[in-house]
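The structure file input-v2.txt is reproduced below (compact mmCIF, C-alpha atoms and all ligand atoms).
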# COMPACT_ATOMS: atom_id res chain seq x y z
CA MET A 193 17.98 11.47 13.56
CA ASP A 194 21.54 12.46 12.69
CA ASP A 195 22.90 9.54 14.74
CA TYR A 196 21.40 7.02 12.38
CA LEU A 197 23.93 5.16 10.34
CA PHE A 198 22.13 3.07 7.78
CA PRO A 199 24.02 0.85 5.37
CA PRO A 200 23.89 2.62 1.98
CA LEU A 201 20.60 1.86 0.21
CA THR A 202 21.04 1.22 -3.50
CA LYS A 203 18.57 1.10 -6.36
CA GLN A 204 19.11 -2.67 -6.45
CA HIS A 205 18.09 -3.00 -2.78
CA VAL A 206 14.83 -1.19 -3.55
CA LEU A 207 14.24 -3.19 -6.73
CA ASN A 208 14.66 -6.41 -4.75
CA CYS A 209 11.70 -5.32 -2.60
CA ALA A 210 9.44 -4.95 -5.66
CA PHE A 211 6.61 -7.47 -5.60
CA ALA A 212 7.36 -9.03 -8.99
CA ILE A 213 10.92 -9.80 -7.87
CA TRP A 214 10.20 -11.45 -4.50
CA TYR A 215 6.85 -13.12 -5.22
CA PRO A 216 8.25 -15.98 -7.37
CA ILE A 217 10.74 -16.84 -4.59
CA PHE A 218 8.18 -16.81 -1.75
CA ARG A 219 4.97 -17.83 -3.57
CA ARG A 220 4.50 -20.85 -1.28
CA VAL A 221 4.38 -18.80 1.94
CA THR A 222 2.47 -15.72 0.88
CA ILE A 223 -1.03 -14.77 -0.28
CA LYS A 224 -1.99 -15.88 -3.78
CA SER A 225 -1.55 -12.96 -6.17
CA GLU A 226 -1.52 -11.96 -9.82
CA ILE A 227 1.00 -9.64 -11.47
CA ILE A 228 -0.31 -7.59 -14.41
CA PRO A 229 2.19 -5.45 -16.36
CA ILE A 230 0.80 -1.90 -16.64
CA PRO A 231 0.48 -0.69 -20.25
CA ALA A 232 2.03 2.66 -21.20
CA ASP A 233 -1.30 4.47 -21.72
CA PHE A 234 -2.54 3.48 -18.27
CA LEU A 235 0.75 4.59 -16.75
CA ASP A 236 0.26 7.99 -18.41
CA TYR A 237 -3.24 8.12 -16.95
CA LEU A 238 -1.88 7.38 -13.47
CA HIS A 239 0.57 10.23 -13.86
CA GLN A 240 -2.15 12.72 -14.85
CA ASP A 241 -3.93 14.99 -12.39
CA GLY A 242 -7.55 14.34 -11.55
CA VAL A 243 -9.55 11.27 -10.60
CA PHE A 244 -11.47 10.66 -13.82
CA LEU A 245 -12.45 7.00 -13.86
CA PRO A 246 -12.30 5.07 -17.13
CA LEU A 247 -15.47 3.89 -18.86
CA ASP A 248 -16.89 0.53 -17.84
CA SER A 249 -16.87 -2.55 -20.09
CA ASN A 250 -19.97 -1.26 -21.94
CA GLY A 251 -18.33 2.07 -22.70
CA MET A 252 -20.36 3.86 -20.03
CA PRO A 253 -19.19 5.91 -17.05
CA GLN A 254 -18.82 3.94 -13.83
CA PRO A 255 -21.99 3.68 -11.72
CA SER A 256 -22.50 6.66 -9.42
CA TYR A 257 -19.64 8.46 -11.11
CA GLU A 258 -20.44 11.97 -12.28
CA THR A 259 -18.56 12.98 -15.38
CA PRO A 260 -16.40 16.08 -15.25
CA LYS A 261 -18.71 17.70 -17.78
CA ASP A 262 -21.98 16.92 -15.98
CA GLU A 263 -20.72 18.12 -12.69
CA TYR A 264 -18.19 20.85 -13.25
CA ASP A 265 -18.47 22.35 -16.71
CA THR A 266 -19.59 25.94 -16.86
CA GLU A 267 -20.13 25.96 -20.65
CA SER A 268 -23.59 26.65 -22.02
CA GLU A 269 -25.65 23.56 -22.81
CA SER A 270 -25.48 24.05 -26.56
CA GLU A 271 -21.70 24.38 -26.54
CA SER A 272 -21.46 21.24 -24.48
CA GLU A 273 -23.77 19.35 -26.77
CA ASN A 274 -21.70 20.31 -29.81
CA GLU A 275 -18.55 19.17 -28.18
CA ASN A 276 -20.14 15.98 -26.87
CA ASN A 277 -21.31 15.10 -30.37
CA ASN A 278 -17.83 15.52 -31.77
CA ASP A 279 -15.96 12.66 -30.32
CA ASN A 280 -15.87 11.42 -26.80
CA GLU A 281 -19.23 11.94 -25.18
CA TRP A 282 -17.71 11.78 -21.74
CA GLY A 283 -15.02 14.38 -22.31
CA LYS A 284 -11.87 13.58 -20.35
CA ILE A 285 -12.82 10.06 -19.27
CA PRO A 286 -10.11 7.61 -20.30
CA ASP A 287 -10.76 4.15 -21.64
CA PHE A 288 -8.63 0.96 -21.28
CA PRO A 289 -10.91 -1.87 -22.39
CA GLU A 290 -8.24 -4.58 -22.72
CA PHE A 291 -6.51 -3.75 -19.46
CA GLN A 292 -9.88 -3.63 -17.70
CA GLU A 293 -10.82 -7.01 -19.14
CA THR A 294 -7.57 -8.55 -17.95
CA ILE A 295 -8.12 -7.12 -14.48
CA ALA A 296 -11.69 -8.47 -14.36
CA ALA A 297 -10.48 -11.96 -15.34
CA LYS A 298 -7.73 -11.91 -12.70
CA ILE A 299 -10.16 -10.70 -10.02
CA ASP A 300 -12.40 -13.65 -10.92
CA SER A 301 -9.48 -16.07 -10.73
CA LEU A 302 -8.70 -14.78 -7.21
CA GLY A 303 -12.21 -15.41 -5.94
CA GLY A 304 -13.97 -12.14 -6.75
CA SER A 305 -12.27 -9.62 -4.47
CA VAL A 306 -8.71 -8.39 -4.27
CA PHE A 307 -6.25 -6.12 -2.49
CA PRO A 308 -4.40 -3.90 -5.04
CA LYS A 309 -0.79 -2.65 -5.05
CA LEU A 310 1.84 -1.31 -7.42
CA ASN A 311 5.48 -2.47 -7.36
CA TRP A 312 6.03 -1.50 -3.72
CA SER A 313 3.04 0.24 -2.19
CA SER A 314 -0.66 -0.19 -1.71
CA PRO A 315 -3.03 2.81 -1.84
CA LYS A 316 -3.95 2.28 1.82
CA ASP A 317 -3.93 6.04 2.47
CA ALA A 318 -6.83 6.41 0.02
CA CYS A 319 -9.21 3.72 1.27
CA TRP A 320 -11.43 6.36 2.88
CA MET A 321 -12.26 7.45 -0.69
CA ALA A 322 -13.68 4.05 -1.63
CA LEU A 323 -17.27 2.97 -1.26
CA GLY A 324 -17.42 1.23 2.12
CA GLN A 325 -14.02 2.74 2.96
CA THR A 326 -12.17 -0.47 2.32
CA MET A 327 -9.27 -1.68 0.20
CA GLN A 328 -11.37 -4.61 -0.95
CA CYS A 329 -11.83 -4.25 -4.71
CA LYS A 330 -14.30 -6.14 -6.85
CA THR A 331 -13.99 -4.21 -10.10
CA ALA A 332 -11.31 -2.42 -12.10
CA ALA A 333 -13.05 0.87 -11.25
CA ASP A 334 -12.65 0.20 -7.50
CA ILE A 335 -8.92 -0.27 -8.11
CA PHE A 336 -8.50 2.80 -10.34
CA LEU A 337 -10.18 5.10 -7.82
CA LEU A 338 -7.79 3.95 -5.08
CA LEU A 339 -4.69 4.17 -7.27
CA LYS A 340 -5.57 7.65 -8.50
CA SER A 341 -6.30 8.96 -5.00
CA SER A 342 -3.20 7.74 -3.21
CA ASP A 343 -0.07 9.65 -2.28
CA PHE A 344 1.73 6.34 -1.65
CA ILE A 345 1.06 5.28 -5.24
CA ALA A 346 2.19 8.70 -6.49
CA HIS A 347 5.46 8.12 -4.61
CA ASP A 348 5.95 4.70 -6.23
CA LEU A 349 5.39 6.34 -9.61
CA THR A 350 7.57 9.40 -9.26
CA CYS A 351 10.43 8.77 -6.83
CA PRO A 352 10.78 5.17 -5.64
CA PHE A 353 14.58 5.50 -5.41
CA GLU A 354 14.49 8.80 -3.55
CA ALA A 355 16.25 7.37 -0.48
CA CYS A 356 18.97 5.61 -2.48
CA VAL A 357 22.57 6.72 -2.47
CA ALA A 358 23.43 8.89 -5.43
CA GLU A 359 24.94 6.74 -8.16
CA ILE A 360 26.30 9.04 -10.78
CA VAL A 361 28.03 7.18 -13.54
CA GLU A 362 29.92 9.49 -15.84
CA GLY A 363 27.66 10.68 -18.61
CA HIS A 364 24.53 9.40 -16.85
CA GLU A 365 22.07 11.12 -14.55
CA ASP A 366 21.78 10.30 -10.86
CA ILE A 367 19.56 7.17 -10.83
CA SER A 368 18.24 7.94 -7.34
CA LYS A 369 16.09 10.59 -9.06
CA LYS A 370 14.61 8.14 -11.58
CA SER A 371 11.33 6.26 -11.45
CA ALA A 372 11.15 2.52 -12.15
CA ASP A 373 11.55 1.20 -15.68
CA SER A 374 8.37 -0.83 -15.55
CA TYR A 375 5.32 -1.03 -13.33
CA ASP A 376 2.98 -3.86 -12.42
CA LEU A 377 -0.50 -3.88 -10.99
CA ILE A 378 -0.51 -6.46 -8.22
CA LEU A 379 -3.79 -8.10 -7.27
CA ARG A 380 -3.76 -10.13 -4.07
CA LYS A 381 -6.58 -12.42 -3.02
CA TRP A 382 -8.64 -10.57 -0.42
CA TYR A 383 -8.66 -11.81 3.17
CA GLU A 384 -10.17 -10.18 6.25
CA LEU A 385 -6.89 -9.72 8.11
CA HIS A 386 -7.05 -8.86 11.78
CA PRO A 387 -4.68 -5.94 12.54
CA SER A 388 -3.61 -7.47 15.87
CA MET A 389 -2.08 -10.45 14.05
CA GLU A 390 0.18 -8.45 11.77
CA PHE A 391 3.85 -8.10 12.70
CA ARG A 392 6.88 -6.29 11.30
CA CYS A 393 10.31 -7.98 11.41
CA PHE A 394 13.69 -6.24 11.12
CA VAL A 395 16.62 -8.18 9.69
CA LYS A 396 20.15 -6.77 9.89
CA ASP A 397 22.91 -8.68 8.11
CA GLY A 398 20.89 -11.89 8.23
CA VAL A 399 19.98 -11.56 11.93
CA LEU A 400 16.35 -11.13 13.01
CA VAL A 401 16.98 -8.18 15.29
CA GLY A 402 13.41 -7.32 16.29
CA ILE A 403 9.72 -8.07 15.75
CA CYS A 404 6.83 -5.79 16.65
CA GLN A 405 3.12 -5.22 16.27
CA ARG A 406 2.34 -3.70 12.89
CA ASP A 407 -0.63 -1.84 14.36
CA TYR A 408 1.53 0.16 16.75
CA LEU A 409 -1.31 2.41 17.90
CA ASN A 410 -3.46 -0.14 19.70
CA HIS A 411 -3.09 -2.36 22.75
CA TYR A 412 -4.29 -5.97 22.37
CA PRO A 413 -4.16 -7.68 25.79
CA PHE A 414 -3.92 -11.22 24.36
CA LEU A 415 -0.69 -10.27 22.55
CA VAL A 416 0.97 -9.55 25.89
CA SER A 417 0.07 -12.96 27.33
CA SER A 418 0.96 -14.94 24.19
CA ARG A 419 4.05 -12.98 23.30
CA LEU A 420 6.59 -15.79 23.64
CA THR A 421 4.55 -18.25 21.59
CA LEU A 422 4.07 -15.70 18.82
CA GLU A 423 7.73 -14.77 18.86
CA SER A 424 8.79 -18.38 18.53
CA ALA A 425 6.41 -19.02 15.59
CA ILE A 426 7.64 -15.94 13.73
CA THR A 427 11.30 -16.71 14.46
CA ASN A 428 10.87 -20.25 13.10
CA PHE A 429 9.15 -18.87 10.03
CA PHE A 430 12.10 -16.55 9.48
CA LYS A 431 14.65 -19.36 9.87
CA ASN A 432 12.81 -21.86 7.68
CA GLU A 433 11.30 -19.70 4.96
CA ILE A 434 12.97 -16.31 4.68
CA ASN A 435 16.55 -16.33 5.91
CA GLY A 436 19.08 -16.64 3.12
CA LYS A 437 16.42 -16.52 0.41
CA PHE A 438 15.70 -12.80 0.20
CA LEU A 439 18.13 -10.96 -2.03
CA ASN A 440 19.21 -8.20 0.43
CA ALA A 441 21.26 -8.92 3.57
CA SER A 442 19.33 -6.31 5.59
CA TYR A 443 15.60 -5.79 5.10
CA VAL A 444 12.23 -5.48 6.80
CA PHE A 445 9.42 -7.96 6.24
CA ASP A 446 5.80 -8.08 7.36
CA VAL A 447 3.91 -11.20 8.33
CA TYR A 448 0.40 -12.22 9.27
CA MET A 449 -0.35 -14.98 11.73
CA ASN A 450 -3.50 -17.03 11.50
CA LYS A 451 -5.01 -16.85 14.99
CA ASN A 452 -6.45 -20.37 14.90
CA ASN A 453 -3.55 -22.47 13.70
CA GLN A 454 -0.68 -19.99 14.26
CA ARG A 455 0.49 -20.46 10.69
CA VAL A 456 2.60 -17.51 9.58
CA TRP A 457 2.21 -15.88 6.16
CA LEU A 458 4.53 -13.44 4.47
CA LEU A 459 2.86 -10.15 3.50
CA ASP A 460 5.56 -7.87 2.15
CA PHE A 461 9.22 -6.79 2.07
CA ASN A 462 10.48 -3.25 2.69
CA PRO A 463 13.90 -1.62 2.41
CA PHE A 464 16.14 -1.44 5.51
CA SER A 465 15.98 2.32 5.48
CA ILE A 466 14.59 5.37 7.21
CA ILE A 467 11.75 5.34 4.66
CA THR A 468 10.40 2.18 6.33
CA ASP A 469 8.49 2.86 9.53
CA SER A 470 10.25 1.30 12.53
CA LEU A 471 6.93 1.30 14.47
CA LEU A 472 7.58 0.22 18.10
CA PHE A 473 11.37 0.38 17.71
CA GLU A 474 13.69 3.31 17.27
CA TRP A 475 15.83 2.83 14.18
CA ASN A 476 18.86 3.56 16.36
CA GLU A 477 18.10 0.52 18.54
CA ILE A 478 18.02 -1.70 15.48
CA LEU A 479 21.11 -0.20 13.92
CA GLN A 480 23.15 -0.39 17.11
CA HIS A 481 22.09 -3.92 18.02
CA GLU A 482 24.93 -6.41 18.00
CA GLY A 483 25.14 -10.19 18.20
CA THR A 484 22.95 -12.97 16.90
CA GLU A 485 20.26 -12.81 19.62
CA GLY A 486 17.45 -10.48 18.63
CA MET A 487 15.39 -8.17 20.85
CA GLY A 488 12.32 -10.39 20.58
CA LEU A 489 8.70 -9.44 19.96
CA ARG A 490 7.67 -5.98 21.14
CA VAL A 491 3.97 -5.26 21.70
CA VAL A 492 1.98 -2.33 23.08
CA LEU A 493 1.73 -3.18 26.78
CA SER A 494 -1.22 -0.99 27.75
CA ASN A 495 -3.56 1.65 26.42
CA GLY A 496 -1.60 4.15 28.47
CA GLU A 497 1.61 3.31 26.60
CA THR A 498 0.45 4.85 23.37
CA GLY A 499 -1.53 7.60 25.08
CA LEU A 500 -3.97 7.09 22.24
CA GLN A 501 -6.90 4.76 21.91
CA HIS A 502 -8.22 3.07 18.79
CA GLN A 503 -6.57 5.32 16.33
CA PRO A 504 -7.37 5.12 12.64
CA MET A 505 -4.21 4.47 10.62
CA TYR A 506 -2.99 6.97 7.99
CA ALA A 507 -5.18 9.71 9.43
CA THR A 508 -2.71 12.28 8.18
CA ASN A 509 -2.95 11.04 4.60
CA ARG A 510 -6.65 11.55 4.24
CA ILE A 511 -6.68 14.42 1.82
CA PRO A 512 -4.88 13.02 -1.21
CA LYS A 513 -3.56 15.60 -3.57
CA ASP A 514 -5.87 14.46 -6.36
CA ALA A 515 -8.87 15.24 -4.19
CA ILE A 516 -7.76 18.85 -4.38
CA ASP A 517 -7.20 18.65 -8.14
CA LEU A 518 -10.68 17.26 -8.54
CA SER A 519 -12.44 19.70 -6.35
CA ASP A 520 -14.49 22.77 -6.54
CA GLY A 521 -15.71 24.14 -3.19
CA LYS A 522 -18.67 21.81 -3.08
CA THR A 523 -16.66 18.68 -3.63
CA LEU A 524 -14.13 19.55 -0.97
CA ALA A 525 -16.97 20.13 1.46
CA GLU A 526 -18.26 16.65 0.63
CA PHE A 527 -14.81 15.16 1.20
CA ALA A 528 -14.48 17.02 4.47
CA GLN A 529 -17.87 15.72 5.60
CA LYS A 530 -16.90 12.16 4.66
CA MET A 531 -13.66 12.50 6.59
CA VAL A 532 -15.42 13.79 9.72
CA GLU A 533 -17.87 10.87 9.53
CA GLU A 534 -15.07 8.35 9.11
CA MET A 535 -13.06 9.73 12.02
CA ALA A 536 -16.17 9.60 14.24
CA LEU A 537 -16.84 6.02 13.14
CA ALA A 538 -13.26 4.93 13.81
CA GLN A 539 -13.30 6.51 17.28
CA ALA A 540 -16.63 4.91 18.14
CA SER A 541 -15.85 1.34 17.15
CA PRO A 542 -12.89 -0.41 18.78
CA PRO A 543 -11.11 -3.14 16.76
CA GLN A 544 -12.43 -6.68 17.45
N1 LIG A 601 -4.55 -9.77 0.58
C1 LIG A 601 -4.97 -8.88 1.48
N2 LIG A 601 -6.27 -8.85 1.86
C2 LIG A 601 -6.69 -7.94 2.74
N3 LIG A 601 -5.90 -7.03 3.35
C3 LIG A 601 -4.59 -7.01 3.03
C4 LIG A 601 -4.06 -7.94 2.07
N4 LIG A 601 -2.74 -7.68 1.93
C5 LIG A 601 -2.46 -6.67 2.76
N5 LIG A 601 -3.57 -6.26 3.43
C6 LIG A 601 -3.64 -5.18 4.44
O1 LIG A 601 -3.06 -4.02 3.88
C7 LIG A 601 -1.98 -3.54 4.69
C8 LIG A 601 -0.86 -3.02 3.81
O2 LIG A 601 -0.39 -4.08 2.99
P1 LIG A 601 1.05 -4.07 2.32
O3 LIG A 601 2.11 -4.19 3.35
O4 LIG A 601 1.05 -5.09 1.25
O5 LIG A 601 1.04 -2.61 1.71
P2 LIG A 601 2.18 -1.51 1.73
O6 LIG A 601 1.57 -0.33 1.09
O7 LIG A 601 3.42 -2.08 1.13
O8 LIG A 601 2.40 -1.24 3.27
P3 LIG A 601 3.78 -0.79 4.00
O9 LIG A 601 4.35 0.31 3.19
O10 LIG A 601 3.32 -0.37 5.37
O11 LIG A 601 4.62 -2.04 4.00
C9 LIG A 601 -1.57 -4.75 5.53
O12 LIG A 601 -1.05 -4.31 6.75
C10 LIG A 601 -2.86 -5.50 5.69
O13 LIG A 601 -3.59 -4.98 6.78
Let's see the structure in the file written out as structure tokens.
Amino acid sequence: MDDYLFPPLTKQHVLNCAFAIWYPIFRRVTIKSEIIPIPADFLDYLHQDGVFLPLDSNGMPQPSYETPKDEYDTESESESENENNNDNEWGKIPDFPEFQETIAAKIDSLGGSVFPKLNWSSPKDACWMALGQTMQCKTAADIFLLLKSSDFIAHDLTCPFEACVAEIVEGHEDISKKSADSYDLILRKWYELHPSMEFRCFVKDGVLVGICQRDYLNHYPFLVSSRLTLESAITNFFKNEINGKFLNASYVFDVYMNKNNQRVWLLDFNPFSIITDSLLFEWNEILQHEGTEGMGLRVVLSNGETGLQHQPMYATNRIPKDAIDLSDGKTLAEFAQKMVEEMALAQASPPQ
């Protein structure tokens, strides 16, 4: 770890990886998306503890959602009734009617289901919380549950510049400790992406140094046999569509390749930094690589190579901190049960 010598990561490098910055430049080669500025009250709500979902468009709690009062309050019924009559019948449940309406309209315009993100991250660590355990969202409530349950989203909100070099200007605080000035909710048109066709690409000083499987835990035999064809398609995509257009000289980008026509699509950009997972490479290999010839496409060559078979991703992120905030003993037991079921399911069904 200590050997690693990364070029200094600045706040600007991280900002350049924010969706709203790169999307206008690469709109033609990426998935259709909508960018919705997050209003201040919703940002406050995201910062608060607990997973209380806002009311639906009719002012009612979301379907199958138990209000904090119904489920957890220990007050006597009469006390509760008094309080309920006072103001907000649903106690702590927040309400963002305009924001929710905008989201619903954008979901419609993207075909009815979307993949949500904030400036940098998606709440992929929380998808086990969602109905159907998927990131596919059809309503604002689906999105809010994922955002509120995710550690990755909490990181975007609280310390996105954590890995940046300290920039202390006299009289100003160290900006590496700051959060972003503004946040966007990103809605991307939903596609059933096959994990075997996702790849991560490492670019150092404008050179495509390495490409590897994004799903680094599983062996896909066809990737081994078609490695050179895939590598050539991704390299061409880099040369024609990415190189020289992204704002940082060194960066990491993710792509998806359509299996049928081998068309490559850009998925995301990440900082060239230890905070980005190097997957099948060691960061040292990438950092020490010299010359203009890259290391090519690296895939998992056999099941034995990983020593693991059909692993669920983000297994270690499956108890988000808000689950604990939300819980009494009973709820945690329910979460634990759900987790056990999901792990069993993931082990039993290999990826197609
Ligand atoms: N539009 C989409 N429809 C369906 N699934 C998607 C879509 N976009 C991304 N995904 C899936 O979600 C995963 C994470 O997406 P993305 O890279 O945008 O999120 P992220 O949180 O920035 O991830 P990372 O930090 O690993 O880069 C992708 O690997 C892909 O499997």
If you measure from atom CA of A:Leu489 to atom CA of A:Ser417, what distance in Å do you get, rounded to one decimal?
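Answer for the atom CA of A:Leu489 to atom CA of A:Ser417 separation: 11.9 Å.
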List as a PyMOL selection string the protein and nucleic acid residues lying within 10 Å of ligand LIG 601 (chain A), with all atoms listed in the file counted.
chain A and resi 209-211+222-225+305-317+326-329+344-345+348+378-392+406-407+444-448+458-463+467-469+471
How about saving the chosen residues, C-alpha atoms kept, as an mmCIF file, in the frame of the given file?
data_model
loop_
_atom_site.group_PDB
_atom_site.id
_atom_site.type_symbol
_atom_site.label_atom_id
_atom_site.label_comp_id
_atom_site.auth_asym_id
_atom_site.auth_seq_id
_atom_site.Cartn_x
_atom_site.Cartn_y
_atom_site.Cartn_z
ATOM 1 C CA CYS A 209 11.700 -5.320 -2.600
ATOM 2 C CA ALA A 210 9.440 -4.950 -5.660
ATOM 3 C CA PHE A 211 6.610 -7.470 -5.600
ATOM 4 C CA THR A 222 2.470 -15.720 0.880
ATOM 5 C CA ILE A 223 -1.030 -14.770 -0.280
ATOM 6 C CA LYS A 224 -1.990 -15.880 -3.780
ATOM 7 C CA SER A 225 -1.550 -12.960 -6.170
ATOM 8 C CA SER A 305 -12.270 -9.620 -4.470
ATOM 9 C CA VAL A 306 -8.710 -8.390 -4.270
ATOM 10 C CA PHE A 307 -6.250 -6.120 -2.490
ATOM 11 C CA PRO A 308 -4.400 -3.900 -5.040
ATOM 12 C CA LYS A 309 -0.790 -2.650 -5.050
ATOM 13 C CA LEU A 310 1.840 -1.310 -7.420
ATOM 14 C CA ASN A 311 5.480 -2.470 -7.360
ATOM 15 C CA TRP A 312 6.030 -1.500 -3.720
ATOM 16 C CA SER A 313 3.040 0.240 -2.190
ATOM 17 C CA SER A 314 -0.660 -0.190 -1.710
ATOM 18 C CA PRO A 315 -3.030 2.810 -1.840
ATOM 19 C CA LYS A 316 -3.950 2.280 1.820
ATOM 20 C CA ASP A 317 -3.930 6.040 2.470
ATOM 21 C CA THR A 326 -12.170 -0.470 2.320
ATOM 22 C CA MET A 327 -9.270 -1.680 0.200
ATOM 23 C CA GLN A 328 -11.370 -4.610 -0.950
ATOM 24 C CA CYS A 329 -11.830 -4.250 -4.710
ATOM 25 C CA PHE A 344 1.730 6.340 -1.650
ATOM 26 C CA ILE A 345 1.060 5.280 -5.240
ATOM 27 C CA ASP A 348 5.950 4.700 -6.230
ATOM 28 C CA ILE A 378 -0.510 -6.460 -8.220
ATOM 29 C CA LEU A 379 -3.790 -8.100 -7.270
ATOM 30 C CA ARG A 380 -3.760 -10.130 -4.070
ATOM 31 C CA LYS A 381 -6.580 -12.420 -3.020
ATOM 32 C CA TRP A 382 -8.640 -10.570 -0.420
ATOM 33 C CA TYR A 383 -8.660 -11.810 3.170
ATOM 34 C CA GLU A 384 -10.170 -10.180 6.250
ATOM 35 C CA LEU A 385 -6.890 -9.720 8.110
ATOM 36 C CA HIS A 386 -7.050 -8.860 11.780
ATOM 37 C CA PRO A 387 -4.680 -5.940 12.540
ATOM 38 C CA SER A 388 -3.610 -7.470 15.870
ATOM 39 C CA MET A 389 -2.080 -10.450 14.050
ATOM 40 C CA GLU A 390 0.180 -8.450 11.770
ATOM 41 C CA PHE A 391 3.850 -8.100 12.700
ATOM 42 C CA ARG A 392 6.880 -6.290 11.300
ATOM 43 C CA ARG A 406 2.340 -3.700 12.890
ATOM 44 C CA ASP A 407 -0.630 -1.840 14.360
ATOM 45 C CA VAL A 444 12.230 -5.480 6.800
ATOM 46 C CA PHE A 445 9.420 -7.960 6.240
ATOM 47 C CA ASP A 446 5.800 -8.080 7.360
ATOM 48 C CA VAL A 447 3.910 -11.200 8.330
ATOM 49 C CA TYR A 448 0.400 -12.220 9.270
ATOM 50 C CA LEU A 458 4.530 -13.440 4.470
ATOM 51 C CA LEU A 459 2.860 -10.150 3.500
ATOM 52 C CA ASP A 460 5.560 -7.870 2.150
ATOM 53 C CA PHE A 461 9.220 -6.790 2.070
ATOM 54 C CA ASN A 462 10.480 -3.250 2.690
ATOM 55 C CA PRO A 463 13.900 -1.620 2.410
ATOM 56 C CA ILE A 467 11.750 5.340 4.660
ATOM 57 C CA THR A 468 10.400 2.180 6.330
ATOM 58 C CA ASP A 469 8.490 2.860 9.530
ATOM 59 C CA LEU A 471 6.930 1.300 14.470
#
Just to confirm, what's the straight-line distance from atom CA of A:Thr294 to atom CA of A:Ala212 in Å (one decimal)?
17.4 Å
Would you pick out the contacts of A:Phe218 at 9 Å or less, using all atoms listed in the file, so that residues sharing its chain but fewer than 5 positions from it are not included, and give the list as a PyMOL selection string?
chain A and resi 433-434+437-438+458
Using the file's own x, y and z axes, what box holds all listed atoms of stretch 403-413 of chain A with 5 Å on each side, keeping edges along x, y and z, and what are its centre and edge lengths in Å to one decimal, as lines of an AutoDock Vina configuration file?
center_x = 2.7
center_y = -2.8
center_z = 19.3
size_x = 24.0
size_y = 20.5
size_z = 22.9
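Residue nearest A:Lys203 within the list A:Asp241, A:Glu293, A:Asp373, A:Asp300: A:Asp373 [criterion: smallest interatomic distance, only C-alpha atoms].
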Go through A:Ser301, A:Leu338, A:Phe430, A:Ala332 one by one, measure the shortest atom-to-atom distance of each to A:Cys319 using all atoms listed in the file, and give the residue with the smallest value.
A:Leu338
Which residues are close to A:Ala297, i.e. within 12 Å by all atoms listed in the file, leaving aside same-chain residues fewer than 5 positions away? Reply as a list in words.
Glu226, Ile228, Glu290, Phe291, Gln292, Leu302, Gly303, Gly304, Ser305, Val306, Lys330, Thr331, Ala332 and Leu379 of chain A
A:Cys351, A:Phe288, A:Leu377, A:Ile335: which is nearest A:Ile227, counting only C-alpha atoms?
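Selected residue with least distance to A:Ile227: A:Leu377.
Taking atom CA of A:Ala232 as the reference point, atom CA of A:Pro216 is found at 24.0 Å.
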